$ cat data.cif   # mmCIF, C-alpha atoms
data_my_file
#
loop_
_atom_site.label_atom_id
_atom_site.label_comp_id
_atom_site.auth_asym_id
_atom_site.auth_seq_id
_atom_site.Cartn_x
_atom_site.Cartn_y
_atom_site.Cartn_z
CA MET A 1 211.89 62.61 -61.28
CA ASN A 2 211.93 61.69 -57.57
CA LEU A 3 212.02 57.95 -58.34
CA PRO A 4 212.26 55.42 -55.46
CA CYS A 5 215.34 53.29 -54.84
CA PRO A 6 214.69 49.74 -56.13
CA LEU A 7 215.31 46.50 -54.30
CA PRO A 8 218.71 44.82 -54.81
CA PHE A 9 218.91 42.79 -58.01
CA GLU A 10 219.06 39.44 -56.20
CA GLU A 11 215.96 40.30 -54.14
CA ILE A 12 213.51 41.26 -56.89
CA GLN A 13 211.53 38.03 -56.23
CA ARG A 14 211.57 38.52 -52.46
CA GLU A 15 207.80 38.40 -51.92
CA ALA A 16 207.36 35.31 -54.11
CA LEU A 17 210.19 33.45 -52.36
CA MET A 18 208.61 34.10 -48.96
CA SER A 19 205.40 32.38 -50.13
CA LEU A 20 206.82 29.67 -52.39
CA LYS A 21 210.13 28.75 -50.69
CA PRO A 22 209.39 28.18 -46.99
CA GLU A 23 212.11 26.72 -44.79
CA LEU A 24 210.86 23.14 -44.87
CA PHE A 25 212.52 20.53 -42.69
CA GLU A 26 212.14 16.88 -41.72
CA GLY A 27 211.96 15.20 -38.33
CA LEU A 28 212.26 17.04 -35.01
CA ARG A 29 213.76 20.52 -34.57
CA PHE A 30 214.32 22.69 -31.52
CA ASP A 31 215.64 26.27 -31.70
CA PHE A 32 216.68 28.43 -28.78
CA THR A 33 218.01 31.99 -28.94
CA LYS A 34 219.32 33.88 -25.92
CA GLY A 35 220.16 37.57 -26.02
CA LEU A 36 223.15 38.47 -23.83
CA ASN A 37 222.70 42.19 -24.46
CA HIS A 38 221.01 44.44 -27.00
CA LYS A 39 223.68 43.63 -29.65
CA PHE A 40 224.97 40.10 -28.93
CA SER A 41 223.02 36.82 -28.84
CA LEU A 42 223.66 33.09 -28.95
CA SER A 43 221.54 30.49 -30.76
CA HIS A 44 221.22 26.72 -30.54
CA ARG A 45 219.50 24.34 -32.94
CA SER A 46 219.04 20.61 -32.40
CA SER A 47 217.48 18.42 -35.08
CA PHE A 48 216.78 14.70 -35.31
CA THR A 49 215.61 12.93 -38.45
CA ILE A 50 214.11 9.44 -38.31
CA LYS A 51 214.63 7.51 -41.55
CA GLY A 52 212.96 4.34 -42.73
CA TYR A 53 214.11 0.77 -42.44
CA TYR A 54 216.57 1.15 -45.31
CA GLN A 55 218.29 4.33 -44.14
CA ASN A 56 220.06 5.47 -41.00
CA SER A 57 218.63 8.16 -38.74
CA TYR A 58 220.82 11.12 -37.87
CA ALA A 59 221.02 14.02 -35.45
CA HIS A 60 222.59 17.46 -35.79
CA TYR A 61 223.49 20.28 -33.45
CA GLU A 62 224.19 23.83 -34.56
CA PHE A 63 225.70 26.59 -32.44
CA GLY A 64 225.47 30.20 -33.52
CA ALA A 65 226.70 33.62 -32.42
CA ASN A 66 225.19 36.89 -33.62
CA PHE A 67 226.33 40.49 -33.33
CA LEU A 68 223.86 43.07 -34.63
CA ASP A 69 224.66 46.75 -34.87
CA PRO A 70 223.16 49.43 -37.14
CA LYS A 71 226.37 49.49 -39.22
CA LEU A 72 227.78 46.00 -38.60
CA MET A 73 226.28 42.50 -38.60
CA LEU A 74 228.28 39.35 -37.75
CA VAL A 75 226.63 35.92 -37.90
CA GLY A 76 228.41 32.60 -37.38
CA ARG A 77 227.22 28.99 -37.33
CA VAL A 78 229.13 25.79 -36.41
CA LEU A 79 227.59 22.36 -37.13
CA THR A 80 228.51 18.95 -35.79
CA ASP A 81 229.24 17.68 -39.31
CA GLY A 82 232.22 20.05 -39.52
CA ARG A 83 230.66 22.89 -41.50
CA LEU A 84 231.29 26.51 -40.55
CA ASN A 85 229.06 29.26 -41.97
CA ALA A 86 229.82 32.94 -41.55
CA ARG A 87 228.16 36.15 -42.76
CA VAL A 88 229.38 39.72 -42.45
CA LYS A 89 227.57 42.90 -43.42
CA CYS A 90 229.36 46.20 -42.90
CA ASP A 91 228.20 49.68 -43.95
CA LEU A 92 231.42 51.33 -45.13
CA THR A 93 229.57 54.56 -45.92
CA ASP A 94 225.92 55.62 -46.06
CA ASN A 95 225.73 54.27 -49.63
CA LEU A 96 228.43 51.54 -49.81
CA THR A 97 228.02 48.17 -48.06
CA LEU A 98 230.38 45.19 -47.88
CA LYS A 99 228.88 41.69 -47.55
CA ILE A 100 230.92 38.52 -46.99
CA ASN A 101 229.48 34.98 -47.09
CA ALA A 102 231.66 31.96 -46.38
CA GLN A 103 231.15 28.23 -45.87
CA LEU A 104 234.02 25.98 -44.78
CA THR A 105 233.71 22.18 -44.90
CA ASN A 106 235.89 19.13 -44.30
CA GLU A 107 235.34 17.97 -47.88
CA PRO A 108 237.93 19.11 -50.43
CA HIS A 109 236.81 21.71 -53.00
CA PHE A 110 233.42 22.26 -51.31
CA SER A 111 234.32 25.35 -49.29
CA GLN A 112 232.90 28.59 -50.68
CA GLY A 113 233.45 32.30 -50.22
CA MET A 114 231.87 35.41 -51.72
CA PHE A 115 232.55 39.15 -51.38
CA ASN A 116 229.83 41.61 -52.41
CA PHE A 117 230.20 45.37 -52.71
CA ASP A 118 226.77 47.03 -52.85
CA TYR A 119 226.27 50.67 -53.78
CA LYS A 120 222.90 52.33 -53.23
CA GLY A 121 222.00 55.44 -55.19
CA SER A 122 218.91 57.60 -54.97
CA ASP A 123 217.04 55.63 -57.67
CA TYR A 124 219.41 52.75 -58.54
CA ARG A 125 221.57 50.01 -57.03
CA THR A 126 224.69 48.30 -58.30
CA GLN A 127 226.72 45.36 -57.02
CA PHE A 128 230.13 43.82 -57.71
CA GLN A 129 230.88 40.22 -56.66
CA ILE A 130 234.11 38.26 -56.21
CA GLY A 131 234.09 34.57 -55.25
CA ASN A 132 236.17 31.43 -55.21
CA ASN A 133 236.72 29.42 -58.41
CA ALA A 134 237.60 32.74 -60.07
CA PHE A 135 234.00 33.97 -60.01
CA TYR A 136 233.32 37.59 -60.94
CA GLY A 137 229.90 39.18 -61.25
CA ALA A 138 228.19 42.55 -61.48
CA ASN A 139 224.60 43.76 -61.64
CA TYR A 140 222.71 47.04 -61.93
CA ILE A 141 219.06 47.87 -61.37
CA GLN A 142 217.37 51.22 -62.08
CA SER A 143 213.92 52.63 -61.31
CA VAL A 144 212.46 53.93 -64.58
CA THR A 145 209.00 54.84 -63.23
CA PRO A 146 207.60 54.97 -59.68
CA HIS A 147 206.44 51.33 -60.09
CA LEU A 148 208.82 49.79 -62.66
CA SER A 149 212.51 48.92 -62.29
CA LEU A 150 214.80 47.28 -64.87
CA GLY A 151 218.12 45.56 -64.29
CA SER A 152 220.89 43.49 -65.82
CA GLU A 153 223.67 41.22 -64.59
CA VAL A 154 226.85 39.64 -65.99
CA PHE A 155 229.13 36.96 -64.57
CA TRP A 156 232.35 35.11 -65.38
CA LEU A 157 233.33 31.72 -63.87
CA GLY A 158 237.03 31.41 -64.59
CA HIS A 159 237.64 27.79 -63.58
CA GLN A 160 234.89 26.56 -65.91
CA ARG A 161 235.50 29.33 -68.46
CA LYS A 162 231.80 30.18 -68.57
CA SER A 163 230.13 33.56 -68.82
CA GLY A 164 226.56 34.78 -68.86
CA ILE A 165 224.30 37.79 -68.99
CA GLY A 166 220.78 38.28 -67.67
CA PHE A 167 217.99 40.85 -67.66
CA ALA A 168 215.23 41.45 -65.12
CA ALA A 169 212.13 43.58 -64.63
CA ARG A 170 210.03 44.24 -61.52
CA TYR A 171 206.65 45.96 -61.42
CA ASN A 172 205.10 46.65 -58.03
CA LYS A 173 202.10 48.51 -56.68
CA ASP A 174 200.49 48.60 -53.26
CA LYS A 175 198.89 45.15 -53.53
CA MET A 176 200.79 43.32 -56.27
CA VAL A 177 204.31 42.49 -57.44
CA ALA A 178 205.23 40.99 -60.85
CA THR A 179 208.76 40.05 -61.89
CA GLY A 180 210.44 38.55 -64.95
CA GLN A 181 213.99 37.34 -65.57
CA ILE A 182 215.79 35.91 -68.60
CA ALA A 183 219.41 34.79 -68.85
CA SER A 184 221.79 33.54 -71.51
CA THR A 185 222.08 30.29 -69.54
CA GLY A 186 218.60 29.42 -70.87
CA ILE A 187 216.59 30.31 -67.77
CA VAL A 188 213.28 32.17 -67.97
CA ALA A 189 211.63 32.96 -64.62
CA LEU A 190 208.34 34.74 -63.91
CA SER A 191 206.58 35.45 -60.61
CA TYR A 192 203.43 37.19 -59.43
CA VAL A 193 202.26 38.03 -55.90
CA GLN A 194 198.83 39.48 -55.06
CA LYS A 195 197.98 40.79 -51.60
CA VAL A 196 194.40 39.77 -50.86
CA THR A 197 194.14 40.90 -47.22
CA GLU A 198 196.31 42.79 -44.77
CA GLN A 199 197.71 39.47 -43.53
CA GLY A 200 197.44 37.17 -46.55
CA SER A 201 198.79 37.00 -50.09
CA LEU A 202 198.72 34.62 -53.05
CA ALA A 203 201.79 33.86 -55.17
CA SER A 204 202.70 31.95 -58.33
CA ASP A 205 205.84 31.41 -60.36
CA PHE A 206 206.96 29.84 -63.63
CA MET A 207 210.44 28.65 -64.64
CA TYR A 208 211.65 27.32 -67.98
CA ASN A 209 215.11 25.90 -68.65
CA HIS A 210 215.85 25.98 -72.37
CA MET A 211 218.98 23.81 -71.99
CA THR A 212 217.19 20.87 -70.39
CA GLY A 213 213.61 21.57 -71.50
CA ASP A 214 212.35 21.47 -67.90
CA VAL A 215 209.27 23.52 -67.06
CA THR A 216 208.12 24.11 -63.46
CA SER A 217 205.31 26.23 -62.09
CA SER A 218 203.92 26.57 -58.59
CA PHE A 219 201.14 28.30 -56.71
CA GLY A 220 201.11 29.18 -53.03
CA TYR A 221 199.81 31.40 -50.28
CA ASP A 222 201.32 33.16 -47.28
CA TYR A 223 199.32 34.08 -44.19
CA ILE A 224 200.92 36.08 -41.40
CA PHE A 225 201.60 34.87 -38.68
CA ARG A 226 202.92 32.49 -40.44
CA GLN A 227 201.22 29.91 -42.62
CA VAL A 228 202.58 29.00 -46.05
CA GLY A 229 201.24 26.48 -48.58
CA LYS A 230 202.44 25.54 -52.06
CA ILE A 231 201.71 23.13 -54.91
CA ASP A 232 203.82 22.85 -58.07
CA SER A 233 203.51 21.28 -61.51
CA ASN A 234 205.46 18.20 -60.36
CA GLY A 235 202.62 17.32 -57.98
CA VAL A 236 204.55 18.29 -54.84
CA VAL A 237 202.43 19.82 -52.07
CA ALA A 238 204.21 21.66 -49.25
CA ALA A 239 202.96 23.38 -46.12
CA PHE A 240 204.69 25.33 -43.36
CA LEU A 241 202.94 26.60 -40.23
CA GLU A 242 204.47 28.72 -37.47
CA GLU A 243 202.15 29.48 -34.57
CA ARG A 244 202.95 31.77 -31.64
CA LEU A 245 202.04 30.01 -28.40
CA ASN A 246 203.34 32.70 -26.09
CA MET A 247 205.77 35.59 -26.11
CA GLY A 248 209.03 34.15 -27.47
CA VAL A 249 207.56 30.63 -27.95
CA ASN A 250 206.64 29.43 -31.47
CA PHE A 251 205.44 26.01 -32.63
CA ILE A 252 206.41 24.89 -36.15
CA LEU A 253 204.93 22.27 -38.49
CA SER A 254 206.44 21.33 -41.87
CA ALA A 255 205.25 18.87 -44.54
CA GLU A 256 206.09 18.04 -48.16
CA VAL A 257 204.35 15.26 -50.09
CA SER A 258 204.40 14.09 -53.71
CA THR A 259 200.77 13.60 -54.76
CA ILE A 260 201.66 11.82 -57.99
CA LYS A 261 203.27 8.79 -56.35
CA ILE A 262 204.01 8.17 -52.70
CA ASP A 263 206.86 5.65 -52.54
CA HIS A 264 207.93 4.77 -49.01
CA LEU A 265 211.22 3.32 -50.29
CA LYS A 266 212.14 6.43 -52.30
CA LYS A 267 210.96 8.70 -49.46
CA ASP A 268 208.67 10.96 -51.49
CA TYR A 269 207.38 12.64 -48.34
CA LYS A 270 208.82 14.74 -45.51
CA PHE A 271 207.22 15.66 -42.19
CA GLY A 272 208.63 17.65 -39.33
CA PHE A 273 207.66 19.62 -36.25
CA GLY A 274 209.65 21.81 -33.92
CA MET A 275 209.70 24.63 -31.39
CA THR A 276 211.47 27.99 -31.28
CA LEU A 277 212.32 29.76 -28.02
CA GLY A 278 213.93 33.16 -27.65
CA GLU A 279 213.39 36.88 -27.39
#
$ encode --input "data.cif" --output "structure tokens"
Amino acid sequence: MNLPCPLPFEEIQREALMSLKPELFEGLRFDFTKGLNHKFSLSHRSSFTIKGYYQNSYAHYEFGANFLDPKLMLVGRVLTDGRLNARVKCDLTDNLTLKINAQLTNEPHFSQGMFNFDYKGSDYRTQFQIGNNAFYGANYIQSVTPHLSLGSEVFWLGHQRKSGIGFAARYNKDKMVATGQIASTGIVALSYVQKVTEQGSLASDFMYNHMTGDVTSSFGYDYIFRQVGKIDSNGVVAAFLEERLNMGVNFILSAEVSTIKIDHLKKDYKFGFGMTLGE
């Protein structure tokens, strides 16, 4: 049938997440990336958050090393609070990929690790996951028409003796993407993205948790290069703006405000600005 290969199961909402989940931050942030050669680079991130009268301000520094090759990617981050993050992506064959994600902390029982084995077929993808706390998971997604793909996932969390199953659907055309997910954990998630211009798109999502009765919906836009805005049903308005000032120099603005009630003691608002330097 000459069907296309679908996106990985965990990325079926990729376009919606880009518009509705920007990387918001608070305070001051400065990023610098230096390429040592065409495969190896170093990164530095400094951030400083100023709290109110009732909270302490804090500063963080993050050092990173990156190795990028067509068949191997190594990314590491070390933070001043003692956390170590590492990611590995290795193409074992043309169709089989190994991914490793790890986070080590000084706090007991908070370190995490995950191994993913991804297999890419001509019109399907499948993945097997192994993680700490005796976590095991698997998913499969198949293109059934040139525009529609269907998938399913299962997981088992041994330490908590919990299991679950979920189903997903993704429908995409040249200027729109619609997705839906439902899981035995009580989660129902829907998303829709419409491309309105070559550089701009509108997005919305809806999430319902049957276990808690919580319902959340949001609406946002994404304009390249790169302006993101969002408002959700809880009255939270967020905006993220990244503006290129020169080659390798970007200025960043970030804001998140609760429009229902602004409480300076509870800190229902976040503002930040920063700069990114690097090739």
$ residues_around --input "data.cif" --residues "Tyr140 (chain A)" --least-positions-apart "6" --cutoff "9 Å" --atoms "all atoms listed in the file" --output "PyMOL selection string"
chain A and resi 8-9+124-127+150-153
$ residues_around --input "data.cif" --residues "Arg14 (chain A)" --least-positions-apart "4" --cutoff "10 Å" --atoms "all atoms listed in the file" --output "list in words"
Leu7, Pro8, Glu10, Met18, Ser19, Val177, Thr179 and Val193 of chain A
$ closest_residue --input "data.cif" --among "A:Leu42, A:Val188, A:Met247, A:Leu24" --to "Tyr269 (chain A)" --atoms "all atoms listed in the file"
A:Leu24
$ axis_aligned_box --input "data.cif" --around "region 47-51 of chain A" --padding-each-side "6 Å" --output "JSON"
{"center_x": 215.8, "center_y": 13.0, "center_z": -38.3, "size_x": 15.4, "size_y": 22.9, "size_z": 18.5}
$ closest_residue --input "data.cif" --among "A:Ile187, A:Tyr221, A:Ser258, A:Ala102" --to "Asn234 (chain A)" --atoms "only C-alpha atoms"
A:Ser258
$ residues_around --input "data.cif" --residues "Gly76 (chain A)" --least-positions-apart "4" --cutoff "9 Å" --atoms "all atoms listed in the file" --output "mmCIF file with C-alpha atoms, keeping the file's coordinate frame"
data_model
loop_
_atom_site.group_PDB
_atom_site.id
_atom_site.type_symbol
_atom_site.label_atom_id
_atom_site.label_comp_id
_atom_site.auth_asym_id
_atom_site.auth_seq_id
_atom_site.Cartn_x
_atom_site.Cartn_y
_atom_site.Cartn_z
ATOM 1 C CA PHE A 63 225.700 26.590 -32.440
ATOM 2 C CA GLY A 64 225.470 30.200 -33.520
ATOM 3 C CA ALA A 65 226.700 33.620 -32.420
ATOM 4 C CA ASN A 66 225.190 36.890 -33.620
ATOM 5 C CA LEU A 84 231.290 26.510 -40.550
ATOM 6 C CA ASN A 85 229.060 29.260 -41.970
ATOM 7 C CA ALA A 86 229.820 32.940 -41.550
ATOM 8 C CA ARG A 87 228.160 36.150 -42.760
ATOM 9 C CA VAL A 88 229.380 39.720 -42.450
#
$ residues_around --input "data.cif" --residues "Asn209 (chain A)" --least-positions-apart "2" --cutoff "12 Å" --atoms "only C-alpha atoms" --output "short mmCIF file (atom, residue, chain, number, x, y, z; two decimals) with C-alpha atoms, in the frame of the given file"
data_model
loop_
_atom_site.label_atom_id
_atom_site.label_comp_id
_atom_site.auth_asym_id
_atom_site.auth_seq_id
_atom_site.Cartn_x
_atom_site.Cartn_y
_atom_site.Cartn_z
CA GLN A 181 213.99 37.34 -65.57
CA ILE A 182 215.79 35.91 -68.60
CA ALA A 183 219.41 34.79 -68.85
CA SER A 184 221.79 33.54 -71.51
CA THR A 185 222.08 30.29 -69.54
CA GLY A 186 218.60 29.42 -70.87
CA ILE A 187 216.59 30.31 -67.77
CA VAL A 188 213.28 32.17 -67.97
CA ALA A 189 211.63 32.96 -64.62
CA PHE A 206 206.96 29.84 -63.63
CA MET A 207 210.44 28.65 -64.64
CA MET A 211 218.98 23.81 -71.99
CA THR A 212 217.19 20.87 -70.39
CA GLY A 213 213.61 21.57 -71.50
CA ASP A 214 212.35 21.47 -67.90
CA VAL A 215 209.27 23.52 -67.06
CA THR A 216 208.12 24.11 -63.46
CA SER A 217 205.31 26.23 -62.09
#
$ resolve_selection --input "data.cif" --expression "the PyMOL selection byres ((chain A and resi 90) around 8)" --output "PyMOL selection string"
chain A and resi 71-73+88-89+91-92+97-99
$ resolve_selection --input "data.cif" --expression "the PyMOL selection byres ((chain A and resi 148) around 10)" --output "ChimeraX atom specification"
/A:3-4,6,142-147,149-150,169-173,178-179
$ write_last_selection --input "data.cif" --atoms "C-alpha atoms" --output "compact mmCIF listing (two decimals), in the frame of the given file"
# COMPACT_ATOMS: atom_id res chain seq x y z
CA LEU A 3 212.02 57.95 -58.34
CA PRO A 4 212.26 55.42 -55.46
CA PRO A 6 214.69 49.74 -56.13
CA GLN A 142 217.37 51.22 -62.08
CA SER A 143 213.92 52.63 -61.31
CA VAL A 144 212.46 53.93 -64.58
CA THR A 145 209.00 54.84 -63.23
CA PRO A 146 207.60 54.97 -59.68
CA HIS A 147 206.44 51.33 -60.09
CA SER A 149 212.51 48.92 -62.29
CA LEU A 150 214.80 47.28 -64.87
CA ALA A 169 212.13 43.58 -64.63
CA ARG A 170 210.03 44.24 -61.52
CA TYR A 171 206.65 45.96 -61.42
CA ASN A 172 205.10 46.65 -58.03
CA LYS A 173 202.10 48.51 -56.68
CA ALA A 178 205.23 40.99 -60.85
CA THR A 179 208.76 40.05 -61.89
$ resolve_selection --input "data.cif" --expression "the PyMOL selection byres ((chain A and resi 275) around 8)" --output "list in words"
Arg29, Phe30, Asp31, Val249, Asn250, Phe251, Ile252, Phe273, Gly274, Thr276 and Leu277 of chain A
$ atom_distance --input "data.cif" --atom1 "CA of Lys120 (chain A)" --atom2 "CA of Cys5 (chain A)"
7.8 Å
$ atom_distance --input "data.cif" --atom1 "CA of Gly82 (chain A)" --atom2 "CA of Gln129 (chain A)"
26.5 Å
$ atom_distance --input "data.cif" --atom1 "CA of Val78 (chain A)" --atom2 "CA of Glu62 (chain A)"
5.6 Å
$ residues_near_point --input "data.cif" --point "(206.7, 21.4, -53.7)" --cutoff "8 Å" --atoms "all atoms listed in the file" --output "list of chain:residue names"
A:Ser218, A:Lys230, A:Ile231, A:Asp232, A:Asn234, A:Gly235, A:Val236, A:Val237, A:Ala238, A:Glu256, A:Val257, A:Ser258
$ closest_residue --input "data.cif" --among "A:Ser57, A:Ser122, A:Ser43, A:Asn2" --to "Glu26 (chain A)" --atoms "only C-alpha atoms"
A:Ser57
$ residues_around --input "data.cif" --residues "Ser204 (chain A)" --least-positions-apart "3" --cutoff "6 Å" --atoms "all atoms listed in the file" --output "number ranges by chain"
A: 191-192, 218-219
$ closest_residue --input "data.cif" --among "A:Met1, A:Leu20, A:Thr93, A:Ala239" --to "Asp205 (chain A)" --atoms "only C-alpha atoms"
A:Leu20
$ residues_near_point --input "data.cif" --point "(213.8, 35.9, -27.2)" --cutoff "7 Å" --atoms "only C-alpha atoms" --output "NGL selection string"
:A and (33-35 or 248 or 277-279)
$ build_atoms --input "data.cif" --residues "region 149-170 of chain A" --atoms "N, CA, C and O atoms" --output "compact mmCIF listing (two decimals), in the frame of the given file"
# COMPACT_ATOMS: atom_id res chain seq x y z
N SER A 149 211.05 48.89 -62.34
CA SER A 149 212.51 48.92 -62.29
C SER A 149 213.06 47.85 -63.24
O SER A 149 212.49 46.75 -63.35
N LEU A 150 214.15 48.17 -63.92
CA LEU A 150 214.80 47.28 -64.87
C LEU A 150 216.24 47.08 -64.46
O LEU A 150 216.89 48.01 -63.95
N GLY A 151 216.75 45.85 -64.69
CA GLY A 151 218.12 45.56 -64.29
C GLY A 151 218.79 44.56 -65.20
O GLY A 151 218.14 43.91 -66.04
N SER A 152 220.10 44.43 -65.03
CA SER A 152 220.89 43.49 -65.82
C SER A 152 222.05 42.99 -64.97
O SER A 152 222.48 43.66 -64.02
N GLU A 153 222.54 41.79 -65.30
CA GLU A 153 223.67 41.22 -64.59
C GLU A 153 224.58 40.49 -65.57
O GLU A 153 224.13 40.02 -66.63
N VAL A 154 225.86 40.40 -65.23
CA VAL A 154 226.85 39.64 -65.99
C VAL A 154 227.70 38.86 -65.00
O VAL A 154 227.85 39.26 -63.84
N PHE A 155 228.24 37.72 -65.44
CA PHE A 155 229.13 36.96 -64.57
C PHE A 155 230.16 36.22 -65.41
O PHE A 155 229.96 35.96 -66.61
N TRP A 156 231.27 35.88 -64.76
CA TRP A 156 232.35 35.11 -65.38
C TRP A 156 232.85 34.10 -64.36
O TRP A 156 233.22 34.46 -63.24
N LEU A 157 232.83 32.80 -64.72
CA LEU A 157 233.33 31.72 -63.87
C LEU A 157 234.60 31.20 -64.50
O LEU A 157 234.57 30.42 -65.45
N GLY A 158 235.74 31.66 -63.96
CA GLY A 158 237.03 31.41 -64.59
C GLY A 158 237.42 29.96 -64.65
O GLY A 158 237.95 29.50 -65.66
N HIS A 159 237.20 29.18 -63.60
CA HIS A 159 237.64 27.79 -63.58
C HIS A 159 236.92 26.95 -64.63
O HIS A 159 237.48 26.01 -65.19
N GLN A 160 235.65 27.28 -64.89
CA GLN A 160 234.89 26.56 -65.91
C GLN A 160 234.86 27.31 -67.24
O GLN A 160 234.28 26.80 -68.20
N ARG A 161 235.46 28.50 -67.25
CA ARG A 161 235.50 29.33 -68.46
C ARG A 161 234.10 29.51 -69.04
O ARG A 161 233.85 29.30 -70.23
N LYS A 162 233.17 29.92 -68.15
CA LYS A 162 231.80 30.18 -68.57
C LYS A 162 231.42 31.61 -68.23
O LYS A 162 231.87 32.16 -67.21
N SER A 163 230.61 32.21 -69.07
CA SER A 163 230.13 33.56 -68.82
C SER A 163 228.64 33.61 -69.11
O SER A 163 228.08 32.72 -69.77
N GLY A 164 227.99 34.65 -68.63
CA GLY A 164 226.56 34.78 -68.86
C GLY A 164 226.09 36.20 -68.63
O GLY A 164 226.77 37.01 -67.99
N ILE A 165 224.93 36.48 -69.16
CA ILE A 165 224.30 37.79 -68.99
C ILE A 165 222.81 37.57 -68.78
O ILE A 165 222.22 36.62 -69.33
N GLY A 166 222.20 38.41 -67.96
CA GLY A 166 220.78 38.28 -67.67
C GLY A 166 220.12 39.63 -67.56
O GLY A 166 220.77 40.66 -67.34
N PHE A 167 218.80 39.63 -67.74
CA PHE A 167 217.99 40.85 -67.66
C PHE A 167 216.80 40.58 -66.76
O PHE A 167 216.29 39.45 -66.69
N ALA A 168 216.34 41.62 -66.06
CA ALA A 168 215.23 41.45 -65.12
C ALA A 168 214.36 42.70 -65.11
O ALA A 168 214.82 43.81 -65.40
N ALA A 169 213.08 42.49 -64.77
CA ALA A 169 212.13 43.58 -64.63
C ALA A 169 211.25 43.29 -63.42
O ALA A 169 210.92 42.14 -63.13
N ARG A 170 210.90 44.37 -62.70
CA ARG A 170 210.03 44.24 -61.52
C ARG A 170 209.00 45.37 -61.57
O ARG A 170 209.37 46.55 -61.70
